[in-house]
Structure formats: structure tokens, C-alpha cells
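These notes are about the structure you will find just below.
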Amino acid sequence: MLRRLPALAFGLALIALAGTTAVEAVRALPAAPVLDALRAGETVPPDERQRAALTLAGLRDARTLAARAVLLPPGEAERAAAAALMRRPLDAHTWLRLAHLRQARGATEAEVAAAVVASMRAAPTDRPLLFARLPAAAHAWAGVRAADRATVLDQVALAWDVDAARVRAVLRSPAGAALLRRMIARTRGREGLPSTAPPPGSAG
């Protein structure tokens with residue numbers, strides 16, 4: 001019987017944790033319509049966003065904290081995103097959200113780049129994120145650590161293989177075109193081809 005006690009205690013802890021998660025999920029339901037509207041790209045009035053954020057206040061589930069990061073004003077949103085990532089460090093969507101929040105407040109390129117790279121490493125083949133991360137990566141390229149630059153360029157190359165036209169569309173800025181040229185040069189260098197020509201459709 002004594003040998004079973006650790007396993008029994010562990011099982012009870014899991015049940016308690018599952019119960020807490022279920023309760024938090026039920027309490028978060030009223031905010032779901034607002035979150036769904038934001039994910040769909042719809043405009044949501046600030047007062048509705050605030051009410052939804054208040055509904056989620058006090059909840060500590062990682063998914064709920066990530067959801068609050070979408071609803072709150074930038075400063076509070078960044079803190080909520082960081083708190084969510086402490087509990088769920090492989091949440092690629094929240095890492096990208098954190099990168100955008102840092103960029104919006106004028107954080108250093110190194111801070112933005114760190115969040116973008118963390119998102120890439122957490123879910124390198126997530127198709128929506130594959131394209132959504134590229135503009136932030138281009139903006140923060142100067143802050144990308146030398147050890148992480150291959151990760152960023154591999155993401156650009158993967159996105160290019162999936163949908164080159166879409167990559168051109170999201171990397172239309174001068175910084176984006178420069179990132180695209182770096183990827184093409186690296187790829188051609190690996191293949192032993194000339195690396196001086198710019199990629200099709202790029203400028204600058």
C-alpha cells in the first residue's frame with residue numbers, strides 16, 4: 001500500500017489540475033466571442049475588449065493569459081504575454097505577439113529578434129506563422145544573434161518554397177527585400193551558384 005502512495009498522490013494532483021483548468025475554461029467563455037472576432041480580423045470597440053479582459057482577470061491558465069495579451073492595452077498586454085510564456089514557453093503564437101508588442105513600444109531590435117526567433121523555434125512549420133513572422137524578422141534583423149541567423153534564413157527559405165508570391169507580398173519593405181536577398185544569396189552559395197543577383201520581384 002505504501003508503495004502506491006506516491007502514484008496515488010500524483011494522480012490526485014493531476015485530477016486537481018484538470019479540475020482547475022476546466023473551471024478556468026468555463027469562466028473564460030464570455031470572452032470567446034470577442035476573441036473570435038479579433039482572430040477574424042474584425043474591429044472590436046475598446047469597451048468590449050476591456051469587458052472581455054476583465055472577464056479573464058484573475059485567471060492563471062497559460063492560454064487565458066495569452067488571450068488577455070490580445071485584449072489588453074500594449075503595456076499590460078506585454079506583461080500578460082510574458083506571464084503566459086513563463087507557463088507555456090513553446091507557445092509560438094504568443095512569442096510572435098510579444099515580438100509585435102515589443103516592436104510597437106520601440107524596444108531594441110535584439111529584444112524583438114529574440115521573441116521572433118523563439119516563435120520560429122517553437123513551431124518552425126506552422127503555416128500561418130511561417131509568413132506572419134517574416135516582417136518582424138526583417139525589421140529586427142540587425143538584432144538577430146549570429147547563432148540565430150541561420151534559423152531566420154531557413155524560415156524565409158521554407159516560406160519561399162511554400163509560396164514565393166506570398167513571401168514577396170509580406171517582404172515588400174526595403175528591410176524585407178534585404179532579408180530576401182540574404183536568403184537567396186545563402187541558398188545559392190550552398191549550391192555553388194553566383195550569389196550577386198537579387199531575387200525575382202525584389203527591389204532595392
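Chain labels follow the order of the C-alpha cells: the first chain is A, the next B, and so on; residue numbering restarts at 1 in every chain, and ligands are counted from 1 in their shown order.
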(message) Report as a VMD selection string all protein, DNA and RNA residues lying within 10 Å of Leu101 of chain A, evaluated on only C-alpha atoms, omitting residues in the same chain fewer than 5 positions from it.
(response) chain A and resid 69 to 70 73 to 75 77 to 79 81 95 to 96 106 to 107 112
Identify, on the basis of only C-alpha atoms, every residue whose closest approach to Ala118 of chain A does not exceed 10 Å; exclude the query and any residue fewer than 4 positions from it along the same chain; express the result as an mmCIF file with all heavy atoms, in the first residue's frame.
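Okay, part-v5.cif is ready:
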```cif
data_model
loop_
_atom_site.group_PDB
_atom_site.id
_atom_site.type_symbol
_atom_site.label_atom_id
_atom_site.label_comp_id
_atom_site.auth_asym_id
_atom_site.auth_seq_id
_atom_site.Cartn_x
_atom_site.Cartn_y
_atom_site.Cartn_z
ATOM 1 N N PRO A 89 6.178 27.919 -22.518
ATOM 2 C CA PRO A 89 7.273 28.521 -23.280
ATOM 3 C C PRO A 89 7.347 28.109 -24.745
ATOM 4 O O PRO A 89 8.125 28.700 -25.489
ATOM 5 C CB PRO A 89 8.524 28.052 -22.518
ATOM 6 C CG PRO A 89 8.098 26.821 -21.797
ATOM 7 C CD PRO A 89 6.659 27.030 -21.441
ATOM 8 N N LEU A 90 6.552 27.148 -25.176
ATOM 9 C CA LEU A 90 6.571 26.740 -26.581
ATOM 10 C C LEU A 90 5.347 27.251 -27.339
ATOM 11 O O LEU A 90 4.989 26.710 -28.388
ATOM 12 C CB LEU A 90 6.661 25.210 -26.686
ATOM 13 C CG LEU A 90 7.955 24.598 -26.154
ATOM 14 C CD1 LEU A 90 7.941 23.089 -26.331
ATOM 15 C CD2 LEU A 90 9.181 25.202 -26.842
ATOM 16 N N ASP A 91 4.722 28.309 -26.817
ATOM 17 C CA ASP A 91 3.561 28.911 -27.486
ATOM 18 C C ASP A 91 4.066 29.880 -28.558
ATOM 19 O O ASP A 91 4.339 31.051 -28.295
ATOM 20 C CB ASP A 91 2.697 29.647 -26.460
ATOM 21 C CG ASP A 91 1.415 30.205 -27.053
ATOM 22 O OD1 ASP A 91 1.333 30.327 -28.294
ATOM 23 O OD2 ASP A 91 0.500 30.533 -26.281
ATOM 24 N N ALA A 92 4.189 29.382 -29.777
ATOM 25 C CA ALA A 92 4.768 30.174 -30.867
ATOM 26 C C ALA A 92 3.946 31.417 -31.186
ATOM 27 O O ALA A 92 4.498 32.461 -31.539
ATOM 28 C CB ALA A 92 4.915 29.308 -32.120
ATOM 29 N N THR A 94 2.126 33.252 -29.106
ATOM 30 C CA THR A 94 2.333 34.285 -28.092
ATOM 31 C C THR A 94 3.731 34.884 -28.193
ATOM 32 O O THR A 94 3.921 36.078 -27.938
ATOM 33 C CB THR A 94 2.071 33.725 -26.685
ATOM 34 O OG1 THR A 94 0.717 33.241 -26.637
ATOM 35 C CG2 THR A 94 2.227 34.790 -25.616
ATOM 36 N N TRP A 95 4.727 34.097 -28.589
ATOM 37 C CA TRP A 95 6.061 34.659 -28.831
ATOM 38 C C TRP A 95 6.001 35.718 -29.931
ATOM 39 O O TRP A 95 6.621 36.789 -29.807
ATOM 40 C CB TRP A 95 7.054 33.572 -29.225
ATOM 41 C CG TRP A 95 7.677 32.857 -28.065
ATOM 42 C CD1 TRP A 95 7.562 31.531 -27.746
ATOM 43 C CD2 TRP A 95 8.537 33.421 -27.064
ATOM 44 N NE1 TRP A 95 8.281 31.248 -26.612
ATOM 45 C CE2 TRP A 95 8.900 32.385 -26.172
ATOM 46 C CE3 TRP A 95 9.042 34.706 -26.839
ATOM 47 C CZ2 TRP A 95 9.735 32.589 -25.080
ATOM 48 C CZ3 TRP A 95 9.869 34.920 -25.744
ATOM 49 C CH2 TRP A 95 10.211 33.876 -24.882
ATOM 50 N N LEU A 96 5.247 35.434 -31.002
ATOM 51 C CA LEU A 96 5.139 36.424 -32.076
ATOM 52 C C LEU A 96 4.362 37.649 -31.607
ATOM 53 O O LEU A 96 4.717 38.783 -31.944
ATOM 54 C CB LEU A 96 4.468 35.808 -33.304
ATOM 55 C CG LEU A 96 4.333 36.754 -34.506
ATOM 56 C CD1 LEU A 96 5.695 37.281 -34.952
ATOM 57 C CD2 LEU A 96 3.619 36.061 -35.665
ATOM 58 N N ALA A 99 6.716 39.722 -29.765
ATOM 59 C CA ALA A 99 7.616 40.438 -30.690
ATOM 60 C C ALA A 99 6.940 41.687 -31.234
ATOM 61 O O ALA A 99 7.548 42.770 -31.292
ATOM 62 C CB ALA A 99 8.020 39.515 -31.839
ATOM 63 N N ALA A 113 13.952 40.589 -31.952
ATOM 64 C CA ALA A 113 14.509 39.417 -32.629
ATOM 65 C C ALA A 113 14.449 38.178 -31.744
ATOM 66 O O ALA A 113 14.146 37.081 -32.220
ATOM 67 C CB ALA A 113 15.947 39.696 -33.049
ATOM 68 N N ALA A 114 14.732 38.330 -30.462
ATOM 69 C CA ALA A 114 14.717 37.182 -29.548
ATOM 70 C C ALA A 114 13.341 36.534 -29.517
ATOM 71 O O ALA A 114 13.226 35.298 -29.520
ATOM 72 C CB ALA A 114 15.133 37.622 -28.149
ATOM 73 N N ALA A 122 9.830 27.373 -31.783
ATOM 74 C CA ALA A 122 8.724 26.653 -31.148
ATOM 75 C C ALA A 122 7.831 25.956 -32.172
ATOM 76 O O ALA A 122 7.307 24.875 -31.897
ATOM 77 C CB ALA A 122 7.896 27.615 -30.300
ATOM 78 N N ALA A 123 7.647 26.572 -33.335
ATOM 79 C CA ALA A 123 6.771 25.974 -34.356
ATOM 80 C C ALA A 123 7.294 26.354 -35.735
ATOM 81 O O ALA A 123 6.720 27.197 -36.426
ATOM 82 C CB ALA A 123 5.337 26.465 -34.173
ATOM 83 N N PRO A 124 8.387 25.730 -36.177
ATOM 84 C CA PRO A 124 9.033 26.155 -37.426
ATOM 85 C C PRO A 124 8.202 25.939 -38.687
ATOM 86 O O PRO A 124 8.414 26.625 -39.677
ATOM 87 C CB PRO A 124 10.321 25.306 -37.463
ATOM 88 C CG PRO A 124 10.051 24.162 -36.549
ATOM 89 C CD PRO A 124 9.137 24.672 -35.488
ATOM 90 N N ASP A 148 21.684 32.756 -34.430
ATOM 91 C CA ASP A 148 20.279 32.564 -34.794
ATOM 92 C C ASP A 148 19.981 32.923 -36.252
ATOM 93 O O ASP A 148 18.859 32.715 -36.718
ATOM 94 C CB ASP A 148 19.382 33.423 -33.889
ATOM 95 C CG ASP A 148 19.437 32.979 -32.436
ATOM 96 O OD1 ASP A 148 19.650 31.778 -32.200
ATOM 97 O OD2 ASP A 148 19.265 33.836 -31.546
ATOM 98 N N THR A 151 18.651 30.202 -38.490
ATOM 99 C CA THR A 151 17.256 29.862 -38.199
ATOM 100 C C THR A 151 16.312 30.786 -38.966
ATOM 101 O O THR A 151 15.336 30.336 -39.571
ATOM 102 C CB THR A 151 16.975 29.980 -36.686
ATOM 103 O OG1 THR A 151 17.791 29.029 -35.992
ATOM 104 C CG2 THR A 151 15.512 29.708 -36.369
#
```
(message) For segment 158-174 of chain A, find every residue with an atom within 12 Å (counting only C-alpha atoms), except residues of its own chain fewer than 4 positions away, and show them as a PyMOL selection string.
(response) chain A and resi 120+124-139+150-154+178-181+183-184+187+199-204
(request) Select, from A:Arg149, A:Arg87, A:Val144, A:Glu42, the residue with the minimum atom-to-atom distance to Glu109 of chain A, counting only C-alpha atoms. (result) A:Val144
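Atom to atom, atom CA of His93 of chain A and atom CA of Ala185 of chain A stand 29.0 Å apart.
Coordinates place atom CA of Thr108 of chain A at a distance of 28.1 Å from atom CA of Pro46 of chain A.
As for atom CA of Ser119 of chain A and atom CA of Ala175 of chain A, they are spaced 19.8 Å apart.
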